[in-house]
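Written below as structure tokens is the structure these notes are about.
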Amino acid sequence: LADFQDPWTQVDYYQLLHLTPWGDSRHRRMEQEAFQYADHISIVSPTWKSDLERIGARNITVIPWGFDPDDYSELPAPDGNTFSITHTGILGYDRNPPAFFQALKQLCETEPGFRERLVLRIVGQVDRSVREAISEAGLENLTRFAGSVSRLEALRFTASSTVLLLLLNRQPNARGRIPGKLFEYLAVRRPLIVLGPRDSDASRIAAETGAGQAFDYDDAASIRSGLASLFRQFMAGKLQAPINSEIGEFSIDRLTGRVASILDAIQNIAGKDEA
């Protein structure tokens with residue numbers, strides 16, 4: 001079983017490696033050899049599965065990242081007093097969402113009670129461009145930068161948030177990128193806002209599980225409307241309880257069972273060949 005957590009020559013940073021023609025050829029040849037010798041291939045998203053098939057891979061199963069329910073059994077709930085929006089993980093230049101910050105600014109100016117309740121929590125490393133976009137939107141006093149924290153502390157921030165923010169990389173293969181963070185967000189059953197291609201695999205998961213909604217990075221009007229709807233639900237007391245999202249297929253028990261089935265099938269085929 002050849003497991004691809006990311007694509008190989010199709011990964012978004014491949015061009016940044018600045019390989020020589022010989023090096024590029026070598027990578028592509030090794031990639032094809034991996035396809036040829038693997039009895040089965042797994043990868044984490046449907047879009048990336050299709051991308052691999054276009055360059056010759058076969059017998060591919062999608063097995064995404066998931067979550068361990070035991071990690072989420074004793075985490076804090078939102079306090080119900082603040083409308084907290086949380087992003088955890090590295091927030092680099094290619095995830096900077098100026099339109100999102102501008103949507104927050106406009107709601108602070110137009111939505112009664114929004115500024116008084118809003119807390120934007122940024123957990124992890126932050127690119128300077130993101131800090132500048134927050135400053136330009138006038139949100140400095142409403143933003144809490146937690147810096148780098150332990151995974152447990154990050155999960156505490158996640159579980160205690162009113163709304164969670166997932167930002168996909170602004171890269172050509174973003175449609176197939178399903179961050180492991182998405183499954184942490186799903187596991188705590190808080191409403192999600194996904195920014196990235198509307199037809200991305202992450203956006204589809206958010207919609208199909210009932211966990212949240214997706215917006216294009218630069219669609220400030222739709223982002224503002226979605227945030228206003230969530231804030232009004234919050235003010236009506238409807239966001240305190242965990243949301244009823246369908247996330248069972250992403251538990252590690254079920255995903256491990258799928259891996260085991262593939263390995264059993266490979267072993268059975270090998271046994272028949274030996275016989």
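How things are named: the first chain in the structure tokens is A, the next is B, and so on; residues count from 1 in each chain; ligands count from 1 in the order shown.
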
Listing only residues of region 7-86 of chain A within 12 Å of region 140-155 of chain A, what is the closest atom pair and its distance in Å (to one decimal) for each, using only C-alpha atoms, sorted by chain and residue number ascending, as a tab-separated table?
residue	atom	partner	partner_atom	distance
A:Phe67	CA	A:Leu155	CA	11.8
A:Asp71	CA	A:Leu152	CA	8.6
A:Tyr72	CA	A:Leu155	CA	7.9
A:Ser73	CA	A:Leu155	CA	11.0
A:Glu74	CA	A:Leu155	CA	10.3
A:Leu75	CA	A:Leu155	CA	7.5
A:Pro76	CA	A:Leu155	CA	9.2
A:Ala77	CA	A:Leu155	CA	11.1
A:Thr82	CA	A:Leu142	CA	11.0
A:Phe83	CA	A:Leu142	CA	10.8
A:Ser84	CA	A:Thr143	CA	9.7
A:Ile85	CA	A:Thr143	CA	9.5
A:Thr86	CA	A:Arg144	CA	9.5

ask   = Got a sec: who's within 10 Å of Trp65 (chain A), counting only C-alpha atoms, leaving out chain neighbours fewer than 5 positions off, as a ChimeraX atom specification?
value = /A:5,43-45,178-184,250-252,255

ask   = So which residues touch Gly212 (chain A) within 10 Å, counting only C-alpha atoms, skipping near sequence neighbours fewer than 3 positions away, as JSON, numbers by chain?
value = {"A": [163, 164, 165, 186, 189, 190, 191, 192, 193, 194, 203, 204, 205, 206, 207, 208, 209, 226, 243, 245]}

Taking 4 positions as the minimum chain separation for residues in the same chain, which residues sit within 9 Å of Leu107 (chain A) when counting only C-alpha atoms? Answer as a PDB file with C-alpha atoms, in the first residue's frame.
ATOM      1  CA  GLN A 102     -13.280  43.759   6.262  1.00  0.00           C
ATOM      2  CA  ALA A 103     -16.556  41.857   6.689  1.00  0.00           C
ATOM      3  CA  GLU A 111     -24.781  45.055  13.461  1.00  0.00           C
ATOM      4  CA  PRO A 112     -26.031  46.000  16.949  1.00  0.00           C
ATOM      5  CA  PHE A 114     -21.419  42.851  17.310  1.00  0.00           C
ATOM      6  CA  ARG A 115     -18.358  44.886  18.287  1.00  0.00           C
ATOM      7  CA  ARG A 224     -20.617  39.269   5.910  1.00  0.00           C
ATOM      8  CA  LEU A 227     -21.311  35.951   9.807  1.00  0.00           C
ATOM      9  CA  ALA A 228     -24.381  38.091  10.498  1.00  0.00           C
TER      10      ALA A 228
END

task = Would you mind listing what lies within 12 Å of Asp127 (chain A) as a VMD selection string, with only C-alpha atoms counted and same-chain residues fewer than 6 positions away left out?
result = chain A and resid 89 to 97 133 to 134 145 147

With all heavy atoms retained, could you export that selection as a CSV table (one decimal), in the first residue's frame?
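Saved result, out-v4.csv, follows:
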chain,number,residue,atom,x,y,z
A,89,GLY,N,-3.4,27.1,14.1
A,89,GLY,CA,-2.5,26.6,13.1
A,89,GLY,C,-1.8,27.8,12.4
A,89,GLY,O,-2.1,29.0,12.7
A,90,ILE,N,-0.8,27.5,11.6
A,90,ILE,CA,0.0,28.5,10.9
A,90,ILE,C,-0.9,29.3,10.0
A,90,ILE,O,-1.7,28.8,9.2
A,90,ILE,CB,1.1,27.8,10.1
A,90,ILE,CG1,2.1,27.1,11.0
A,90,ILE,CG2,1.8,28.9,9.2
A,90,ILE,CD1,3.2,26.3,10.3
A,91,LEU,N,-0.8,30.6,10.1
A,91,LEU,CA,-1.6,31.5,9.2
A,91,LEU,C,-0.6,32.3,8.4
A,91,LEU,O,-0.1,33.4,8.7
A,91,LEU,CB,-2.5,32.5,10.1
A,91,LEU,CG,-3.8,32.8,9.6
A,91,LEU,CD1,-4.6,33.6,10.6
A,91,LEU,CD2,-3.8,33.5,8.2
A,92,GLY,N,-0.3,31.7,7.2
A,92,GLY,CA,0.7,32.3,6.3
A,92,GLY,C,0.2,33.3,5.4
A,92,GLY,O,-1.0,33.5,5.3
A,93,TYR,N,1.1,33.8,4.5
A,93,TYR,CA,0.7,34.8,3.6
A,93,TYR,C,-0.3,34.3,2.6
A,93,TYR,O,-1.2,35.1,2.1
A,93,TYR,CB,1.9,35.4,2.8
A,93,TYR,CG,2.5,34.4,1.9
A,93,TYR,CD1,2.1,34.4,0.5
A,93,TYR,CD2,3.4,33.4,2.3
A,93,TYR,CE1,2.6,33.5,-0.4
A,93,TYR,CE2,3.9,32.5,1.4
A,93,TYR,CZ,3.5,32.5,0.1
A,93,TYR,OH,4.0,31.6,-0.8
A,94,ASP,N,-0.3,33.0,2.3
A,94,ASP,CA,-1.2,32.5,1.3
A,94,ASP,C,-2.6,32.0,1.9
A,94,ASP,O,-3.4,31.4,1.2
A,94,ASP,CB,-0.6,31.3,0.5
A,94,ASP,CG,-0.2,30.1,1.4
A,94,ASP,OD1,-0.2,30.3,2.6
A,94,ASP,OD2,0.2,29.1,0.8
A,95,ARG,N,-2.8,32.4,3.1
A,95,ARG,CA,-4.1,32.2,3.8
A,95,ARG,C,-4.6,33.5,4.3
A,95,ARG,O,-5.6,33.5,5.1
A,95,ARG,CB,-4.0,31.1,4.9
A,95,ARG,CG,-3.6,29.7,4.4
A,95,ARG,CD,-3.4,28.8,5.6
A,95,ARG,NE,-3.0,27.5,5.1
A,95,ARG,CZ,-2.5,26.6,5.9
A,95,ARG,NH1,-2.2,26.8,7.2
A,95,ARG,NH2,-2.1,25.4,5.4
A,96,ASN,N,-4.0,34.6,4.0
A,96,ASN,CA,-4.4,35.9,4.5
A,96,ASN,C,-5.8,36.2,3.9
A,96,ASN,O,-6.0,36.3,2.7
A,96,ASN,CB,-3.4,36.9,4.1
A,96,ASN,CG,-3.7,38.3,4.7
A,96,ASN,OD1,-4.6,38.4,5.6
A,96,ASN,ND2,-3.1,39.3,4.2
A,97,PRO,N,-6.8,36.5,4.8
A,97,PRO,CA,-8.2,36.8,4.3
A,97,PRO,C,-8.6,38.2,4.5
A,97,PRO,O,-9.5,38.5,5.4
A,97,PRO,CB,-9.0,35.8,5.2
A,97,PRO,CG,-8.3,35.8,6.5
A,97,PRO,CD,-6.9,36.1,6.2
A,133,ALA,N,-3.4,43.2,7.7
A,133,ALA,CA,-4.8,43.2,7.3
A,133,ALA,C,-5.7,43.4,8.5
A,133,ALA,O,-6.7,44.1,8.3
A,133,ALA,CB,-5.1,41.9,6.5
A,134,ILE,N,-5.4,42.8,9.6
A,134,ILE,CA,-6.2,43.0,10.8
A,134,ILE,C,-6.2,44.4,11.3
A,134,ILE,O,-7.2,45.0,11.6
A,134,ILE,CB,-5.7,42.0,11.9
A,134,ILE,CG1,-6.1,40.6,11.6
A,134,ILE,CG2,-6.3,42.4,13.3
A,134,ILE,CD1,-5.5,39.5,12.5
A,145,PHE,N,-3.9,37.3,20.0
A,145,PHE,CA,-2.9,36.4,19.3
A,145,PHE,C,-2.3,35.5,20.4
A,145,PHE,O,-1.6,36.0,21.3
A,145,PHE,CB,-1.7,37.2,18.7
A,145,PHE,CG,-2.2,38.1,17.5
A,145,PHE,CD1,-2.5,39.4,17.7
A,145,PHE,CD2,-2.4,37.5,16.3
A,145,PHE,CE1,-2.9,40.2,16.6
A,145,PHE,CE2,-2.8,38.2,15.2
A,145,PHE,CZ,-3.0,39.6,15.3
A,147,GLY,N,-0.2,32.9,19.9
A,147,GLY,CA,1.1,32.3,19.6
A,147,GLY,C,1.0,30.8,19.5
A,147,GLY,O,0.0,30.2,19.5

query = Of the candidates A:Asp216, A:Asp79, A:Glu31, A:Glu116, which shows the shortest atom-to-atom distance to Ile55 (chain A), using only C-alpha atoms?
reply = A:Glu31
